[in-house]
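Data block below; observations after.
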Amino acid sequence: MKRYSMLIFFSLLPSLLLAGSWTVDPVHSQVGFKVKHMVISNVRGKFTSFQGTLDFDETTKTLKGVKGAMDAASIDTDHEKRDGHLKSPDFFDVAKYPQVTFVSTKVMQQGNDITLEGNLTLRGVTKKITLKGQFLGQAKDMRGGDIVAFEAQGSLNRKDFGMTWNKAVETGGLVVGDEVELRIEVEAGRTP
């Protein structure tokens, strides 16, 4: 369940703090993704603004829940024009749907392996997704505060959330793949 803490970072919701709460540190965390481009290569990106909380029991080293949110307008693929298109109604429609949220519904842990199920809300559509990850450990930060770390991976079909824009390419196939791979790395500290 500790590993779910890492997964929690993926869909961090700042306004909903949990009991036994740990707060995701955005400076030492990352919410990233990868999607096929032109059939043969990948585009990678991340969200640069997000918040989240983990319900983590440090005595038993188990993750009990995750809540989080990402600012959809903070999407960054290192290409300004592409990022602008991703923010448009063709994709995230950030003017209408400014946040992407995640709330865990079930956390399972065996050793350091974690499986996290939860509801992802994107473009006003809520779907269940599953993330698999690992609890990476607990330590003290430079100021003596307690921190925990997790990592998780998963995938989703962008069309399930109304992102249907695409164009055919001359050689066959489409400009943008449907499956989006998610990669989340989280460091969280005890909530004061």
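Naming works like this for the structure tokens: A, B, ... for the chains as they're shown, residue 1 at the start of each chain, ligands 1 onward in shown order.
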Enumerate, as a PyMOL selection string, the complete set of residues in chain A that a backbone-based DSSP assignment places in strand (DSSP E). chain A and resi 21-24+30-37+41-47+50-57+62-71+75-76+99-110+113-122+125-140+146-157+176-190
For CA of Pro89 (chain A) and CA of Lys159 (chain A), determine how far apart the two atoms are, in Å to one decimal place. 13.3 Å
Residues of region 51-159 of chain A at most 9 Å from region 171-184 of chain A: nearest atom pair and distance in Å, only C-alpha atoms, as a Markdown table:
| residue | atom | partner | partner_atom | distance |
| --- | --- | --- | --- | --- |
| A:Leu131 | CA | A:Leu182 | CA | 8.6 |
| A:Gly133 | CA | A:Ile184 | CA | 8.9 |
| A:Phe150 | CA | A:Ile184 | CA | 8.2 |
| A:Glu151 | CA | A:Ile184 | CA | 5.5 |
| A:Ala152 | CA | A:Ile184 | CA | 5.2 |
| A:Gln153 | CA | A:Arg183 | CA | 4.7 |
| A:Gly154 | CA | A:Leu182 | CA | 5.1 |
| A:Ser155 | CA | A:Glu181 | CA | 4.4 |
| A:Leu156 | CA | A:Val180 | CA | 5.4 |
| A:Asn157 | CA | A:Glu179 | CA | 4.6 |
| A:Arg158 | CA | A:Asp178 | CA | 5.6 |
| A:Lys159 | CA | A:Asp178 | CA | 6.6 |
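Coordinates place CA of Phe33 (chain A) at a distance of 11.4 Å from CA of Glu185 (chain A).
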List the spatial neighbours of Thr191 (chain A) as a PyMOL selection string - criterion: any atom at most 7 Å away, only C-alpha atoms, same-chain residues fewer than 2 positions off excluded. chain A and resi 21-23+189
What is the CA of Thr105 (chain A)-CA of Gly124 (chain A) distance in Å, reported with one decimal? 18.4 Å
Contacts of Asp160 (chain A) at 9 Å or less, counting only C-alpha atoms, minus same-chain residues fewer than 4 places along, as a list in words?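 These residues fall inside the cut-off: Val125, Lys127, Leu156 and Thr164 of chain A.
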Set the distance at 12 Å and use only C-alpha atoms: which residues neighbour region 92-97 of chain A once local chain neighbours fewer than 4 positions away are removed? I'd like the list as a list in words.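 After dropping sequence-adjacent residues, the list is Ala69, Met70, Asp71, Ala72, Ala73, Ser74, Ile75, Asp83, Gly84, His85, Leu86, Lys87, Ser88, Thr101, Thr121, Leu122, Arg123, Gly124, Val125, Arg158, Lys159, Phe161, Gly162, Met163, Thr164 and Trp165 of chain A.
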Deliver the residues from the most recent selection as a file, using N, CA and C atoms, as a compact mmCIF listing (two decimals), in the first residue's frame.
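That gives us again-v5.txt:
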# COMPACT_ATOMS: atom_id res chain seq x y z
N ALA A 69 -4.79 16.21 -7.65
CA ALA A 69 -5.28 17.01 -8.77
C ALA A 69 -4.10 17.57 -9.55
N MET A 70 -4.27 17.67 -10.85
CA MET A 70 -3.28 18.28 -11.73
C MET A 70 -3.93 19.44 -12.45
N ASP A 71 -3.18 20.52 -12.62
CA ASP A 71 -3.63 21.66 -13.39
C ASP A 71 -3.46 21.31 -14.87
N ALA A 72 -4.57 21.12 -15.58
CA ALA A 72 -4.51 20.69 -16.98
C ALA A 72 -3.71 21.66 -17.85
N ALA A 73 -3.76 22.93 -17.53
CA ALA A 73 -3.04 23.94 -18.33
C ALA A 73 -1.54 23.87 -18.14
N SER A 74 -1.07 23.07 -17.16
CA SER A 74 0.37 22.97 -16.92
C SER A 74 1.02 21.88 -17.77
N ILE A 75 0.27 21.30 -18.71
CA ILE A 75 0.83 20.25 -19.57
C ILE A 75 2.05 20.80 -20.33
N ASP A 83 1.75 22.08 -27.15
CA ASP A 83 1.11 22.27 -25.85
C ASP A 83 -0.17 23.10 -25.99
N GLY A 84 -0.12 24.11 -26.85
CA GLY A 84 -1.32 24.91 -27.11
C GLY A 84 -2.45 24.07 -27.68
N HIS A 85 -2.12 23.17 -28.60
CA HIS A 85 -3.14 22.30 -29.17
C HIS A 85 -3.69 21.35 -28.10
N LEU A 86 -2.82 20.83 -27.24
CA LEU A 86 -3.27 19.92 -26.18
C LEU A 86 -4.20 20.62 -25.20
N LYS A 87 -4.04 21.93 -25.01
CA LYS A 87 -4.90 22.68 -24.09
C LYS A 87 -6.25 23.03 -24.72
N SER A 88 -6.37 22.88 -26.04
CA SER A 88 -7.58 23.26 -26.78
C SER A 88 -8.70 22.24 -26.58
N THR A 101 -8.43 15.07 -11.92
CA THR A 101 -8.39 14.59 -10.54
C THR A 101 -8.36 13.07 -10.47
N THR A 121 -10.82 11.60 -13.23
CA THR A 121 -11.77 12.50 -13.90
C THR A 121 -10.98 13.43 -14.80
N LEU A 122 -11.31 13.36 -16.09
CA LEU A 122 -10.61 14.12 -17.13
C LEU A 122 -11.66 14.60 -18.13
N ARG A 123 -11.68 15.89 -18.39
CA ARG A 123 -12.68 16.48 -19.32
C ARG A 123 -14.11 16.20 -18.88
N GLY A 124 -14.35 16.14 -17.58
CA GLY A 124 -15.69 15.91 -17.05
C GLY A 124 -16.14 14.46 -17.10
N VAL A 125 -15.27 13.55 -17.53
CA VAL A 125 -15.59 12.12 -17.61
C VAL A 125 -14.79 11.39 -16.52
N ARG A 158 -7.27 7.50 -24.42
CA ARG A 158 -7.68 8.90 -24.41
C ARG A 158 -9.10 9.10 -24.95
N LYS A 159 -9.55 8.21 -25.86
CA LYS A 159 -10.89 8.33 -26.43
C LYS A 159 -11.97 8.10 -25.37
N PHE A 161 -12.10 9.43 -22.68
CA PHE A 161 -12.31 10.72 -22.03
C PHE A 161 -12.66 11.82 -23.04
N GLY A 162 -13.10 11.42 -24.22
CA GLY A 162 -13.56 12.38 -25.22
C GLY A 162 -12.47 13.03 -26.04
N MET A 163 -11.25 12.51 -25.98
CA MET A 163 -10.15 13.06 -26.79
C MET A 163 -10.05 12.25 -28.08
N THR A 164 -10.84 12.65 -29.05
CA THR A 164 -10.94 11.85 -30.27
C THR A 164 -10.21 12.45 -31.47
N TRP A 165 -9.65 13.66 -31.32
CA TRP A 165 -8.98 14.31 -32.47
C TRP A 165 -7.87 13.43 -33.01
For region 116-120 of chain A, list every protein, DNA or RNA residue within 9 Å, evaluated using only C-alpha atoms, and leave out those in the same chain fewer than 2 positions away; present the list as a PyMOL selection string. chain A and resi 1+3-4+7-8+11+65-66+100-109+114+122+125-133+152
Could you find all residues in region 2-178 of chain A that DSSP calls helix (DSSP H, G or I) from the backbone, and write them as a list in words?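 Selection result, helix (DSSP H, G or I) within region 2-178 of chain A: Lys2, Arg3, Tyr4, Ser5, Met6, Leu7, Ile8, Phe9, Phe10, Pro26, Val27, His28, Ala72, Ala73, Ser74, Glu80, Lys81, Arg82, Asp83, Gly84, His85, Leu86, Lys87, Arg158, Lys159, Asp160 and Phe161 of chain A.
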Keeping N, CA and C atoms for every residue in the selection just given, could you write it to a file as an mmCIF file, in the first residue's frame?
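Contents of part-v2.cif, freshly written:
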data_model
loop_
_atom_site.group_PDB
_atom_site.id
_atom_site.type_symbol
_atom_site.label_atom_id
_atom_site.label_comp_id
_atom_site.auth_asym_id
_atom_site.auth_seq_id
_atom_site.Cartn_x
_atom_site.Cartn_y
_atom_site.Cartn_z
ATOM 1 N N LYS A 2 2.069 1.155 0.482
ATOM 2 C CA LYS A 2 2.979 2.287 0.471
ATOM 3 C C LYS A 2 3.194 2.725 -0.964
ATOM 4 N N ARG A 3 3.253 1.765 -1.830
ATOM 5 C CA ARG A 3 3.492 2.065 -3.234
ATOM 6 C C ARG A 3 2.335 2.854 -3.798
ATOM 7 N N TYR A 4 1.201 2.684 -3.219
ATOM 8 C CA TYR A 4 0.051 3.441 -3.667
ATOM 9 C C TYR A 4 0.245 4.905 -3.387
ATOM 10 N N SER A 5 1.050 5.191 -2.389
ATOM 11 C CA SER A 5 1.335 6.588 -2.087
ATOM 12 C C SER A 5 1.949 7.226 -3.309
ATOM 13 N N MET A 6 2.829 6.499 -3.972
ATOM 14 C CA MET A 6 3.462 7.019 -5.173
ATOM 15 C C MET A 6 2.404 7.234 -6.235
ATOM 16 N N LEU A 7 1.503 6.283 -6.301
ATOM 17 C CA LEU A 7 0.450 6.361 -7.285
ATOM 18 C C LEU A 7 -0.446 7.542 -6.973
ATOM 19 N N ILE A 8 -0.600 7.793 -5.707
ATOM 20 C CA ILE A 8 -1.439 8.886 -5.259
ATOM 21 C C ILE A 8 -0.965 10.171 -5.879
ATOM 22 N N PHE A 9 0.321 10.332 -5.960
ATOM 23 C CA PHE A 9 0.897 11.571 -6.486
ATOM 24 C C PHE A 9 0.363 11.832 -7.873
ATOM 25 N N PHE A 10 0.122 10.703 -8.705
ATOM 26 C CA PHE A 10 -0.333 10.834 -10.073
ATOM 27 C C PHE A 10 -1.610 11.649 -10.155
ATOM 28 N N PRO A 26 5.833 18.569 -4.877
ATOM 29 C CA PRO A 26 5.913 18.682 -6.336
ATOM 30 C C PRO A 26 7.319 18.940 -6.867
ATOM 31 N N VAL A 27 8.209 19.429 -6.017
ATOM 32 C CA VAL A 27 9.586 19.687 -6.445
ATOM 33 C C VAL A 27 10.346 18.373 -6.653
ATOM 34 N N HIS A 28 9.964 17.340 -5.903
ATOM 35 C CA HIS A 28 10.646 16.048 -5.981
ATOM 36 C C HIS A 28 9.734 14.939 -6.508
ATOM 37 N N ALA A 72 -4.574 21.123 -15.578
ATOM 38 C CA ALA A 72 -4.507 20.688 -16.977
ATOM 39 C C ALA A 72 -3.709 21.659 -17.853
ATOM 40 N N ALA A 73 -3.760 22.935 -17.532
ATOM 41 C CA ALA A 73 -3.044 23.938 -18.330
ATOM 42 C C ALA A 73 -1.538 23.872 -18.135
ATOM 43 N N SER A 74 -1.073 23.075 -17.162
ATOM 44 C CA SER A 74 0.370 22.967 -16.922
ATOM 45 C C SER A 74 1.021 21.876 -17.765
ATOM 46 N N GLU A 80 5.871 24.451 -27.570
ATOM 47 C CA GLU A 80 4.812 25.414 -27.264
ATOM 48 C C GLU A 80 3.573 25.246 -28.140
ATOM 49 N N LYS A 81 3.749 25.066 -29.442
ATOM 50 C CA LYS A 81 2.596 24.930 -30.342
ATOM 51 C C LYS A 81 1.801 23.669 -30.025
ATOM 52 N N ARG A 82 2.507 22.553 -29.806
ATOM 53 C CA ARG A 82 1.815 21.300 -29.462
ATOM 54 C C ARG A 82 1.089 21.448 -28.126
ATOM 55 N N ASP A 83 1.747 22.082 -27.148
ATOM 56 C CA ASP A 83 1.106 22.272 -25.847
ATOM 57 C C ASP A 83 -0.167 23.103 -25.990
ATOM 58 N N GLY A 84 -0.121 24.111 -26.855
ATOM 59 C CA GLY A 84 -1.316 24.910 -27.108
ATOM 60 C C GLY A 84 -2.449 24.073 -27.677
ATOM 61 N N HIS A 85 -2.119 23.175 -28.597
ATOM 62 C CA HIS A 85 -3.145 22.296 -29.169
ATOM 63 C C HIS A 85 -3.688 21.354 -28.103
ATOM 64 N N LEU A 86 -2.820 20.826 -27.242
ATOM 65 C CA LEU A 86 -3.271 19.923 -26.181
ATOM 66 C C LEU A 86 -4.201 20.620 -25.195
ATOM 67 N N LYS A 87 -4.044 21.926 -25.014
ATOM 68 C CA LYS A 87 -4.904 22.683 -24.095
ATOM 69 C C LYS A 87 -6.253 23.032 -24.720
ATOM 70 N N ARG A 158 -7.270 7.499 -24.416
ATOM 71 C CA ARG A 158 -7.679 8.900 -24.411
ATOM 72 C C ARG A 158 -9.097 9.096 -24.950
ATOM 73 N N LYS A 159 -9.547 8.209 -25.863
ATOM 74 C CA LYS A 159 -10.890 8.326 -26.427
ATOM 75 C C LYS A 159 -11.967 8.096 -25.370
ATOM 76 N N ASP A 160 -11.641 7.329 -24.316
ATOM 77 C CA ASP A 160 -12.597 7.111 -23.227
ATOM 78 C C ASP A 160 -12.951 8.414 -22.526
ATOM 79 N N PHE A 161 -12.098 9.433 -22.681
ATOM 80 C CA PHE A 161 -12.306 10.723 -22.026
ATOM 81 C C PHE A 161 -12.662 11.817 -23.040
#
Residue with smallest distance to Asp78 (chain A) - pool A:Lys140, A:Arg44, A:Lys64, A:His37, counting only C-alpha atoms: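 Closest candidate: A:Arg44.
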My list of candidates is A:Ser41, A:Gln134, A:Thr48, A:Gln99. Which is closest to Gly68 (chain A) when distances are computed with only C-alpha atoms?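 Smallest separation from Gly68 (chain A) among the options: A:Gln99.
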For region 141-144 of chain A, list every protein, DNA or RNA residue within 12 Å, evaluated using only C-alpha atoms, and leave out those in the same chain fewer than 5 positions away; present the list as a PDB file with C-alpha atoms, in the first residue's frame.
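Wrote it out as selection29.pdb, contents follow:
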ATOM      1  CA  ASP A  25       6.230  17.400  -2.740  1.00  0.00           C
ATOM      2  CA  HIS A  28      10.646  16.048  -5.981  1.00  0.00           C
ATOM      3  CA  ALA A 149       8.585   7.682  -1.994  1.00  0.00           C
ATOM      4  CA  GLU A 187       7.956  11.958  -2.784  1.00  0.00           C
ATOM      5  CA  ALA A 188       5.662  13.004   0.077  1.00  0.00           C
ATOM      6  CA  GLY A 189       6.205  14.466   3.532  1.00  0.00           C
ATOM      7  CA  ARG A 190       4.078  14.254   6.642  1.00  0.00           C
TER       8      ARG A 190
END
